[in-house]
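Participant: Here you go, my_file_28.cif (mmCIF, C-alpha atoms and all ligand atoms):
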data_my_file
loop_
_atom_site.label_atom_id
_atom_site.label_comp_id
_atom_site.auth_asym_id
_atom_site.auth_seq_id
_atom_site.Cartn_x
_atom_site.Cartn_y
_atom_site.Cartn_z
CA MET E 1 -168.20 -72.35 -14.30
CA LEU E 2 -171.30 -71.22 -12.40
CA ILE E 3 -174.21 -73.68 -12.38
CA ILE E 4 -177.61 -72.86 -10.91
CA HIS E 5 -179.94 -75.70 -9.93
CA VAL E 6 -183.61 -74.78 -9.71
CA VAL E 7 -185.96 -76.81 -7.52
CA GLY E 8 -189.42 -76.03 -6.21
CA ALA E 9 -191.50 -78.97 -5.08
CA ARG E 10 -191.12 -82.22 -3.19
CA PRO E 11 -190.21 -84.54 -6.08
CA ASN E 12 -187.42 -82.19 -7.22
CA PHE E 13 -185.38 -82.52 -4.06
CA MET E 14 -184.45 -86.20 -4.48
CA LYS E 15 -183.52 -85.50 -8.13
CA VAL E 16 -181.15 -82.59 -7.48
CA ALA E 17 -179.29 -84.26 -4.59
CA PRO E 18 -177.29 -86.83 -6.62
CA VAL E 19 -176.44 -84.30 -9.35
CA MET E 20 -175.11 -81.76 -6.85
CA ARG E 21 -173.14 -84.47 -5.07
CA ALA E 22 -171.55 -85.67 -8.31
CA LEU E 23 -170.66 -82.13 -9.40
CA ALA E 24 -169.18 -81.26 -6.00
CA SER E 25 -165.92 -82.99 -6.86
CA ALA E 26 -165.30 -80.81 -9.95
CA PRO E 27 -162.97 -78.04 -8.72
CA HIS E 28 -163.82 -75.55 -11.48
CA ILE E 29 -167.57 -75.63 -10.81
CA LYS E 30 -169.46 -73.39 -8.41
CA GLN E 31 -172.99 -74.54 -7.68
CA VAL E 32 -175.89 -72.39 -6.51
CA LEU E 33 -179.16 -73.92 -5.32
CA VAL E 34 -182.32 -71.91 -5.96
CA HIS E 35 -185.59 -72.99 -4.30
CA THR E 36 -188.59 -71.30 -5.87
CA GLY E 37 -190.70 -71.88 -2.75
CA GLN E 38 -193.48 -73.63 -4.70
CA HIS E 39 -193.60 -76.09 -1.78
CA TYR E 40 -193.00 -74.44 1.58
CA ASP E 41 -194.49 -76.60 4.36
CA GLN E 42 -191.92 -78.10 6.70
CA ASN E 43 -193.02 -81.62 5.77
CA MET E 44 -193.18 -80.92 2.02
CA SER E 45 -189.77 -79.26 1.79
CA GLU E 46 -187.45 -78.73 4.76
CA VAL E 47 -187.42 -82.35 5.97
CA PHE E 48 -186.12 -83.44 2.55
CA PHE E 49 -183.19 -81.04 2.67
CA ARG E 50 -182.15 -82.50 6.01
CA GLU E 51 -182.61 -86.15 5.09
CA LEU E 52 -181.10 -85.91 1.61
CA ASN E 53 -178.12 -84.05 3.01
CA LEU E 54 -178.86 -81.15 0.68
CA ARG E 55 -177.40 -77.81 1.59
CA GLU E 56 -179.81 -75.02 2.52
CA PRO E 57 -180.98 -73.24 -0.64
CA ASP E 58 -178.66 -70.34 -1.45
CA ILE E 59 -181.68 -68.39 -2.68
CA ASN E 60 -185.39 -68.88 -1.93
CA LEU E 61 -187.78 -67.11 -4.29
CA GLU E 62 -190.67 -67.69 -1.84
CA VAL E 63 -193.40 -67.76 -4.46
CA GLY E 64 -195.78 -70.04 -2.50
CA SER E 65 -199.12 -71.31 -3.78
CA ALA E 66 -201.21 -69.52 -6.37
CA SER E 67 -202.95 -70.20 -9.68
CA HIS E 68 -200.71 -71.69 -12.36
CA ALA E 69 -200.34 -68.37 -14.18
CA VAL E 70 -199.54 -66.40 -11.05
CA GLN E 71 -197.13 -69.02 -9.68
CA THR E 72 -195.33 -69.35 -13.03
CA ALA E 73 -195.16 -65.57 -13.52
CA LYS E 74 -193.82 -64.94 -10.02
CA ILE E 75 -191.06 -67.52 -10.51
CA MET E 76 -190.15 -65.97 -13.86
CA MET E 77 -189.97 -62.42 -12.49
CA ARG E 78 -187.91 -63.36 -9.45
CA PHE E 79 -185.62 -65.80 -11.25
CA GLU E 80 -184.87 -63.33 -14.04
CA ARG E 81 -183.38 -60.99 -11.46
CA ILE E 82 -181.02 -63.74 -10.23
CA LEU E 83 -179.84 -64.42 -13.77
CA THR E 84 -179.26 -60.79 -14.67
CA ASP E 85 -177.33 -60.19 -11.42
CA ASN E 86 -174.93 -63.12 -11.95
CA LYS E 87 -172.85 -64.48 -14.79
CA VAL E 88 -174.38 -67.93 -15.07
CA ASP E 89 -172.99 -70.62 -17.41
CA LEU E 90 -175.65 -73.31 -17.03
CA VAL E 91 -179.01 -73.75 -15.32
CA LEU E 92 -180.18 -77.26 -14.46
CA VAL E 93 -183.93 -77.83 -14.04
CA TYR E 94 -185.69 -80.96 -12.81
CA GLY E 95 -188.87 -82.88 -13.56
CA ASP E 96 -192.13 -81.37 -14.75
CA ILE E 97 -193.41 -78.89 -12.22
CA ASN E 98 -194.30 -75.22 -12.72
CA SER E 99 -190.88 -74.18 -11.36
CA THR E 100 -189.22 -76.23 -14.14
CA VAL E 101 -190.99 -74.60 -17.06
CA ALA E 102 -190.91 -71.11 -15.54
CA SER E 103 -187.15 -71.06 -14.99
CA THR E 104 -186.45 -72.64 -18.38
CA LEU E 105 -188.45 -69.92 -20.14
CA VAL E 106 -186.43 -67.23 -18.38
CA CYS E 107 -183.14 -68.87 -19.41
CA SER E 108 -184.13 -69.23 -23.03
CA LYS E 109 -185.07 -65.53 -23.32
CA LEU E 110 -181.75 -64.51 -21.74
CA GLN E 111 -179.90 -67.07 -23.89
CA ILE E 112 -178.50 -68.90 -20.90
CA LYS E 113 -177.84 -72.56 -21.46
CA VAL E 114 -180.31 -74.86 -19.69
CA GLY E 115 -180.22 -78.59 -19.05
CA HIS E 116 -183.38 -80.56 -18.27
CA VAL E 117 -182.97 -83.52 -15.94
CA GLU E 118 -185.74 -86.11 -16.54
CA ALA E 119 -186.38 -85.01 -20.11
CA GLY E 120 -188.47 -86.77 -22.73
CA LEU E 121 -191.22 -88.25 -20.54
CA ARG E 122 -194.68 -88.01 -22.11
CA SER E 123 -198.12 -89.05 -20.92
CA PHE E 124 -199.64 -87.73 -24.20
CA ASP E 125 -202.35 -86.22 -22.00
CA ARG E 126 -202.44 -82.45 -22.43
CA THR E 127 -205.03 -82.01 -19.69
CA MET E 128 -202.19 -82.62 -17.19
CA PRO E 129 -200.37 -79.40 -16.29
CA GLU E 130 -197.16 -81.44 -15.99
CA GLU E 131 -197.42 -82.59 -19.63
CA ILE E 132 -197.49 -78.98 -20.83
CA ASN E 133 -194.52 -78.24 -18.58
CA ARG E 134 -192.60 -81.20 -20.07
CA LEU E 135 -193.35 -80.31 -23.69
CA VAL E 136 -192.36 -76.66 -23.34
CA THR E 137 -189.28 -77.33 -21.20
CA ASP E 138 -187.90 -79.92 -23.61
CA GLN E 139 -188.46 -77.77 -26.71
CA ILE E 140 -186.37 -74.90 -25.33
CA SER E 141 -183.70 -76.75 -23.33
CA ASP E 142 -180.15 -77.09 -24.65
CA LEU E 143 -179.29 -80.36 -22.93
CA LEU E 144 -181.82 -83.13 -22.38
CA PHE E 145 -180.99 -85.83 -19.85
CA THR E 146 -183.38 -88.76 -20.23
CA PRO E 147 -184.07 -91.56 -17.71
CA SER E 148 -184.97 -94.26 -20.24
CA ASP E 149 -184.94 -94.87 -23.99
CA ASP E 150 -188.64 -94.04 -24.48
CA GLY E 151 -187.62 -90.47 -23.55
CA ASN E 152 -185.08 -90.42 -26.40
CA GLN E 153 -187.72 -91.69 -28.83
CA ASN E 154 -190.26 -89.06 -27.75
CA LEU E 155 -187.74 -86.26 -28.17
CA ALA E 156 -186.62 -87.53 -31.58
CA ARG E 157 -190.27 -87.64 -32.70
CA GLU E 158 -190.68 -84.01 -31.63
CA GLY E 159 -187.77 -83.04 -33.85
CA ILE E 160 -185.20 -82.36 -31.15
CA ASP E 161 -181.63 -82.60 -32.39
CA GLU E 162 -180.03 -85.87 -31.32
CA SER E 163 -176.83 -84.13 -30.26
CA LYS E 164 -178.68 -82.51 -27.34
CA ILE E 165 -180.08 -85.77 -25.94
CA PHE E 166 -178.25 -87.90 -23.37
CA LEU E 167 -179.62 -91.15 -21.94
CA VAL E 168 -178.25 -90.99 -18.38
CA GLY E 169 -180.69 -93.07 -16.33
CA ASN E 170 -182.90 -92.19 -13.41
CA VAL E 171 -181.65 -89.68 -10.84
CA MET E 172 -184.56 -90.43 -8.51
CA ILE E 173 -183.30 -94.00 -8.28
CA ASP E 174 -179.81 -92.68 -7.41
CA THR E 175 -181.32 -91.35 -4.22
CA VAL E 176 -183.15 -94.61 -3.49
CA VAL E 177 -179.91 -96.57 -3.95
CA ASN E 178 -178.02 -94.12 -1.76
CA LEU E 179 -180.52 -93.92 1.10
CA LEU E 180 -182.14 -97.36 1.15
CA PRO E 181 -179.85 -98.68 3.91
CA LYS E 182 -180.72 -95.67 6.09
CA ALA E 183 -184.44 -96.11 5.35
CA GLU E 184 -184.26 -99.83 6.17
CA ALA E 185 -182.62 -99.01 9.48
CA ARG E 186 -185.67 -96.93 10.41
CA TRP E 187 -188.24 -99.63 9.76
CA THR E 188 -188.41 -100.95 13.32
CA GLU E 189 -189.10 -97.47 14.71
CA VAL E 190 -191.53 -96.53 11.89
CA SER E 191 -193.51 -99.76 12.12
CA ARG E 192 -193.77 -99.43 15.88
CA ARG E 193 -194.82 -95.77 15.69
CA LEU E 194 -197.49 -96.45 13.06
CA GLY E 195 -198.44 -99.88 14.44
CA LEU E 196 -197.93 -101.67 11.11
CA SER E 197 -197.10 -105.16 9.95
CA THR E 198 -198.89 -106.01 6.67
CA PHE E 199 -200.31 -102.91 5.02
CA GLY E 200 -201.07 -101.06 1.79
CA LEU E 201 -199.65 -97.59 1.16
CA VAL E 202 -201.67 -94.87 -0.60
CA THR E 203 -200.79 -91.46 -2.03
CA LEU E 204 -203.11 -89.27 -4.12
CA HIS E 205 -202.72 -85.67 -5.21
CA ARG E 206 -203.36 -85.35 -8.99
CA PRO E 207 -205.97 -82.69 -9.75
CA SER E 208 -207.79 -85.24 -11.96
CA ASN E 209 -208.31 -87.49 -8.91
CA VAL E 210 -208.75 -85.09 -6.04
CA ASP E 211 -210.26 -81.85 -7.34
CA ASN E 212 -213.63 -83.31 -8.37
CA PRO E 213 -215.56 -84.31 -5.20
CA VAL E 214 -217.49 -87.08 -6.99
CA VAL E 215 -214.29 -88.70 -8.26
CA LEU E 216 -212.46 -88.29 -4.95
CA LYS E 217 -215.35 -89.82 -2.99
CA LYS E 218 -215.50 -92.78 -5.39
CA ILE E 219 -211.76 -93.45 -5.04
CA LEU E 220 -211.75 -93.14 -1.26
CA ALA E 221 -214.79 -95.41 -0.93
CA SER E 222 -213.02 -98.04 -2.99
CA ILE E 223 -209.82 -97.80 -0.95
CA ASP E 224 -211.94 -98.02 2.18
CA ARG E 225 -213.27 -101.38 0.94
CA ILE E 226 -209.70 -102.54 0.24
CA ALA E 227 -208.84 -101.48 3.81
CA ALA E 228 -211.19 -104.17 5.05
CA ARG E 229 -208.75 -106.72 3.51
CA VAL E 230 -205.45 -105.02 4.29
CA PRO E 231 -204.87 -102.03 6.59
CA ILE E 232 -204.17 -98.86 4.61
CA ILE E 233 -201.86 -96.01 5.52
CA PHE E 234 -202.33 -92.75 3.61
CA PRO E 235 -199.81 -89.92 4.11
CA ILE E 236 -201.96 -87.16 2.72
CA HIS E 237 -200.75 -84.32 0.47
CA PRO E 238 -201.93 -80.84 1.59
CA ARG E 239 -203.90 -80.39 -1.64
CA THR E 240 -205.78 -83.64 -1.01
CA ARG E 241 -206.31 -82.92 2.70
CA LYS E 242 -208.01 -79.65 1.76
CA LYS E 243 -210.31 -81.44 -0.70
CA VAL E 244 -211.16 -84.23 1.76
CA LYS E 245 -212.10 -81.56 4.30
CA GLU E 246 -214.24 -79.74 1.74
CA ILE E 247 -216.28 -82.83 0.87
CA GLY E 248 -216.60 -83.65 4.56
CA ILE E 249 -216.08 -87.39 4.15
CA ALA E 250 -215.41 -89.12 7.45
CA LEU E 251 -212.33 -91.31 7.21
CA ASN E 252 -209.40 -92.00 9.48
CA ARG E 253 -210.79 -95.13 10.96
CA ARG E 254 -208.64 -97.88 12.36
CA ASN E 255 -207.93 -99.67 9.07
CA PHE E 256 -207.70 -96.61 6.83
CA ARG E 257 -205.37 -94.13 8.46
CA LEU E 258 -204.68 -90.65 7.18
CA ILE E 259 -201.41 -89.24 8.43
CA GLU E 260 -199.35 -86.13 7.66
CA PRO E 261 -196.95 -86.32 4.67
CA LEU E 262 -193.83 -88.26 5.67
CA GLY E 263 -190.18 -87.46 5.23
CA TYR E 264 -188.14 -89.24 2.57
CA LEU E 265 -186.65 -91.97 4.75
CA ASP E 266 -189.85 -93.01 6.52
CA PHE E 267 -191.76 -93.04 3.24
CA LEU E 268 -189.09 -95.14 1.54
CA ALA E 269 -189.12 -97.56 4.48
CA LEU E 270 -192.90 -97.89 4.09
CA GLN E 271 -192.69 -98.39 0.32
CA GLN E 272 -190.19 -101.18 0.71
CA LYS E 273 -192.34 -103.07 3.22
CA ALA E 274 -195.77 -102.41 1.67
CA ALA E 275 -197.86 -105.32 0.40
CA LEU E 276 -199.07 -102.97 -2.33
CA VAL E 277 -198.95 -99.29 -3.22
CA ILE E 278 -201.86 -97.32 -4.67
CA THR E 279 -200.79 -93.97 -6.10
CA ASP E 280 -201.10 -91.31 -8.79
CA SER E 281 -197.55 -90.01 -8.30
CA GLY E 282 -194.95 -90.26 -11.06
CA GLY E 283 -191.93 -90.86 -8.86
CA ILE E 284 -193.59 -93.59 -6.80
CA GLN E 285 -194.29 -95.60 -9.97
CA GLU E 286 -190.53 -95.59 -10.51
CA GLU E 287 -189.51 -96.26 -6.93
CA THR E 288 -191.85 -99.25 -6.60
CA THR E 289 -190.49 -100.67 -9.87
CA TYR E 290 -186.97 -100.40 -8.49
CA LEU E 291 -188.02 -101.96 -5.16
CA GLY E 292 -190.12 -104.72 -6.81
CA ILE E 293 -193.27 -103.69 -4.94
CA PRO E 294 -196.67 -104.01 -6.72
CA CYS E 295 -198.01 -100.59 -7.68
CA LEU E 296 -201.57 -99.77 -8.81
CA THR E 297 -201.66 -96.38 -10.49
CA VAL E 298 -204.95 -94.48 -10.43
CA ARG E 299 -204.39 -92.79 -13.79
CA GLU E 300 -205.46 -93.46 -17.37
CA ASN E 301 -201.92 -92.99 -18.65
CA THR E 302 -198.36 -92.66 -17.50
CA GLU E 303 -195.36 -90.68 -18.71
CA ARG E 304 -193.30 -93.56 -17.30
CA PRO E 305 -194.50 -96.50 -19.47
CA ILE E 306 -191.38 -98.53 -18.70
CA THR E 307 -192.72 -99.05 -15.17
CA VAL E 308 -195.68 -100.89 -16.74
CA SER E 309 -193.91 -102.72 -19.58
CA LEU E 310 -190.90 -103.80 -17.50
CA GLY E 311 -191.69 -102.95 -13.90
CA THR E 312 -194.30 -103.77 -11.27
CA ASN E 313 -196.76 -101.01 -12.16
CA THR E 314 -200.35 -101.52 -13.39
CA LEU E 315 -202.52 -98.70 -14.73
CA ILE E 316 -206.02 -98.70 -13.25
CA GLY E 317 -207.48 -95.45 -14.57
CA GLN E 318 -210.53 -94.52 -12.52
CA ASP E 319 -212.05 -98.00 -12.78
CA MET E 320 -212.55 -98.73 -9.11
CA ASP E 321 -213.83 -102.29 -9.69
CA LEU E 322 -210.53 -102.99 -11.39
CA LEU E 323 -208.64 -101.38 -8.50
CA GLU E 324 -210.36 -103.63 -6.00
CA ARG E 325 -209.88 -106.75 -8.16
CA GLU E 326 -206.18 -106.01 -8.66
CA ALA E 327 -205.69 -105.26 -4.97
CA ASP E 328 -207.38 -108.57 -4.13
CA ARG E 329 -205.16 -110.41 -6.58
CA ILE E 330 -202.04 -108.96 -4.95
CA ILE E 331 -203.29 -109.69 -1.43
CA ASN E 332 -203.82 -113.29 -2.55
CA GLY E 333 -200.23 -113.52 -3.76
CA GLY E 334 -200.70 -112.75 -7.48
CA ILE E 335 -197.76 -110.41 -7.74
CA LYS E 336 -196.55 -109.01 -11.08
CA GLU E 337 -192.84 -109.76 -11.42
CA GLY E 338 -190.80 -106.84 -12.68
CA LYS E 339 -187.32 -105.95 -13.85
CA ILE E 340 -185.22 -102.87 -13.18
CA PRO E 341 -184.74 -100.70 -16.29
CA GLN E 342 -181.31 -100.04 -17.74
CA TYR E 343 -179.29 -97.28 -16.02
CA TRP E 344 -181.55 -97.19 -12.99
CA ASP E 345 -178.43 -98.07 -11.09
CA GLY E 346 -177.49 -95.20 -8.80
CA ARG E 347 -175.09 -93.59 -11.28
CA ALA E 348 -177.30 -91.21 -13.28
CA GLY E 349 -176.10 -88.12 -11.36
CA GLN E 350 -172.49 -89.02 -12.12
CA ARG E 351 -173.30 -89.45 -15.83
CA ILE E 352 -174.85 -85.97 -15.87
CA ALA E 353 -171.81 -84.53 -14.06
CA ASP E 354 -169.46 -86.18 -16.59
CA ILE E 355 -171.34 -84.57 -19.48
CA VAL E 356 -171.61 -81.15 -17.83
CA THR E 357 -167.94 -81.02 -16.84
CA SER E 358 -166.85 -81.87 -20.36
CA LEU E 359 -168.81 -78.94 -21.90
C1 LIG X 401 -196.96 -80.07 -7.58
C2 LIG X 401 -196.59 -80.36 -9.03
C3 LIG X 401 -196.76 -81.85 -9.30
C4 LIG X 401 -196.02 -82.70 -8.28
C5 LIG X 401 -196.48 -82.29 -6.88
C6 LIG X 401 -195.80 -83.08 -5.80
C7 LIG X 401 -197.05 -78.60 -10.70
C8 LIG X 401 -197.96 -78.20 -11.77
N1 LIG X 401 -197.46 -79.66 -9.96
O1 LIG X 401 -198.35 -80.33 -7.45
O2 LIG X 401 -196.26 -82.14 -10.59
O3 LIG X 401 -196.29 -84.06 -8.50
O4 LIG X 401 -196.21 -80.90 -6.71
O5 LIG X 401 -196.27 -82.73 -4.56
O6 LIG X 401 -196.03 -78.00 -10.53
N2 LIG X 401 -199.66 -76.83 -0.53
C9 LIG X 401 -199.41 -76.64 0.82
N3 LIG X 401 -198.14 -76.71 1.26
C10 LIG X 401 -197.08 -76.92 0.43
C11 LIG X 401 -197.33 -77.09 -0.94
C12 LIG X 401 -198.62 -77.05 -1.41
O7 LIG X 401 -200.33 -76.46 1.61
O8 LIG X 401 -195.93 -76.95 0.91
C13 LIG X 401 -201.05 -76.78 -1.01
C14 LIG X 401 -201.40 -75.40 -1.47
O9 LIG X 401 -202.59 -75.03 -0.92
C15 LIG X 401 -201.55 -75.54 -2.97
C16 LIG X 401 -201.79 -77.02 -3.18
O10 LIG X 401 -201.21 -77.68 -2.08
O11 LIG X 401 -202.62 -74.78 -3.46
C17 LIG X 401 -201.15 -77.48 -4.46
O12 LIG X 401 -199.76 -77.15 -4.52
P1 LIG X 401 -198.99 -76.92 -5.91
O13 LIG X 401 -197.54 -76.81 -5.70
O14 LIG X 401 -199.68 -75.87 -6.67
O15 LIG X 401 -199.28 -78.24 -6.70
P2 LIG X 401 -199.18 -79.74 -6.24
O16 LIG X 401 -200.56 -80.28 -6.30
O17 LIG X 401 -198.41 -79.91 -4.96
#
Take the structure in the file and write it out as structure tokens.
Ligand code: UD1
Facilitator:
Amino acid sequence: MLIIHVVGARPNFMKVAPVMRALASAPHIKQVLVHTGQHYDQNMSEVFFRELNLREPDINLEVGSASHAVQTAKIMMRFERILTDNKVDLVLVYGDINSTVASTLVCSKLQIKVGHVEAGLRSFDRTMPEEINRLVTDQISDLLFTPSDDGNQNLAREGIDESKIFLVGNVMIDTVVNLLPKAEARWTEVSRRLGLSTFGLVTLHRPSNVDNPVVLKKILASIDRIAARVPIIFPIHPRTRKKVKEIGIALNRRNFRLIEPLGYLDFLALQQKAALVITDSGGIQEETTYLGIPCLTVRENTERPITVSLGTNTLIGQDMDLLEREADRIINGGIKEGKIPQYWDGRAGQRIADIVTSL
């Protein structure tokens, strides 16, 4: 049985690793790893392969950055060639990025079976490119692996046959469980290098927060005020760095430090020790819930509502007064207690492997 895994951007790499590891023990399965090249910087891609113990991609489509249409089209054209040149039994796609929807579309036209890992998540916000990617991918996938029960409910509401849906848990948390000891072991070195003791951790890259200069300035000014209470460290996504440069805002002062994007282990070490996390990432909402770290999410909605209802996440929207009030509350010890959702236990990859090998 030949299985192709398709990955393209940073959050995909920690999702594919546990699935490939779990499938490696099945003797009748050959796995091929395709990287679309959506993310290509050393610190957005290569470092993750090394730290997650992922093999080098067997094939790199090298599509790079472009508009959504061009990026999606390039992936489709190049991936179609791979599928027509090989006899492929199953393609596994991950998350909600352009690489996910592009490769799924190619499979469905060639009638090659496709499984979507992290299916069923919905923000119900169709202005987000990722929401369109999720909706389309789920409609045309053959197997839908969901991280939590809200995913099953969303898919059922959209009329997807129950027999295709499998609640397997959260593969991203598999990687946290697996690598947390290694990340913890790096804390002494990381904290010394970055000169940290108590600190807040920030990541921002959503177009809705960073593409509009007025909005971005407002958010950064608010975080700058929070930095007067607790030092802030901000590993900055290339998209955001470009925008910060364009608006010419002077940051990077002693209490609000912008640094290059970090590798997986250093970032996990920081998350675990942070007094609070401010983010617009999807995966970080989940990781902080697992780690029990307070998370303030600068979005109006989330496709991961369980992190709010059960976990440590709070949605802030773009209400910066609320952000500062919530940050203050956390700094003063008012921490939201959370629980870890069902099946976020380090075994999701194995559950997927069990289903795939029994096909
Ligand atoms: C993509 C995903 C998003 C995910 C995010 C994680 C889509 C629609 N979006 O958003 O869901 O949360 O990745 O990072 O698929 N760039 C570089 N170097 C890189 C990668 C990107 O400089 O290695 C720059 C490029 O100039 C590019 C910009 O960042 O124009 C945005 O990259 P892109 O992959 O289009 O989207 P992300 O914002 O990273």
Participant: Tell me, as a PyMOL selection string, which residues lie within 12 Å of Glu326 (chain E), counting only C-alpha atoms; anything in the same chain fewer than 6 positions away does not count.
Facilitator: chain E and resi 222-223+226+276-278+294-298+313-316+319-320+332-336
Participant: For Gln38 (chain E), which residue out of E:Glu62, E:Asp150, E:Asp161, E:Glu80 is the nearest one, using all atoms listed in the file?
Facilitator: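 Checking each of E:Glu62, E:Asp150, E:Asp161, E:Glu80 against Gln38 (chain E), counting all atoms listed in the file, the winner is E:Glu62.
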Participant: Quick one: everything within 7 Å of Val19 (chain E), counting all atoms listed in the file, minus sequence neighbours fewer than 6 positions away in the same chain. Send it as a list in words.
Facilitator: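 That gives Gly349, Gln350, Ile352 and Ala353 of chain E.
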Participant: Please write the residues from the selection above to a file, keeping C-alpha atoms, as a PDB file, in the frame of the given file.
Facilitator:
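What follows is the written file again_25.pdb:
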ATOM      1  CA  GLY E 349    -176.100 -88.120 -11.360  1.00  0.00           C
ATOM      2  CA  GLN E 350    -172.490 -89.020 -12.120  1.00  0.00           C
ATOM      3  CA  ILE E 352    -174.850 -85.970 -15.870  1.00  0.00           C
ATOM      4  CA  ALA E 353    -171.810 -84.530 -14.060  1.00  0.00           C
TER       5      ALA E 353
END
Participant: Residues within 6 Å of region 128-135 of chain E, please, as a PDB file with C-alpha atoms, in the frame of the given file. Count only C-alpha atoms; anything in the same chain fewer than 5 positions from it doesn't count.
Facilitator:
ATOM      1  CA  ASP E  96    -192.130 -81.370 -14.750  1.00  0.00           C
ATOM      2  CA  ILE E  97    -193.410 -78.890 -12.220  1.00  0.00           C
ATOM      3  CA  VAL E 101    -190.990 -74.600 -17.060  1.00  0.00           C
TER       4      VAL E 101
END
Participant: Around ligand LIG 401 (chain X), at most 10 Å away and counting only C-alpha atoms and all ligand atoms, which residues are there? Put them as a VMD selection string, please.
Facilitator: chain E and resid 8 to 12 37 to 46 64 to 68 71 to 72 95 to 102 128 to 133 204 to 207 210 to 211 237 to 243 261 280 to 283
Participant: Between CA of Lys30 (chain E) and CA of Leu167 (chain E), what is the spacing in Å?
Facilitator: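 Distance reported for this atom pair: 24.5 Å.
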Participant: Report, in Å with one decimal, the straight-line distance from CA of Ile173 (chain E) to CA of Glu286 (chain E).
Facilitator: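 Separation between CA of Ile173 (chain E) and CA of Glu286 (chain E): 7.7 Å.
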Participant: What's around Val88 (chain E) at 12 Å? Count all atoms listed in the file, leave out sequence neighbours fewer than 4 positions away in its own chain, and write the answer as JSON, numbers by chain.
Facilitator: {"E": [1, 2, 3, 4, 5, 29, 30, 31, 32, 80, 81, 82, 83, 84, 92, 107, 110, 111, 112, 113, 114]}
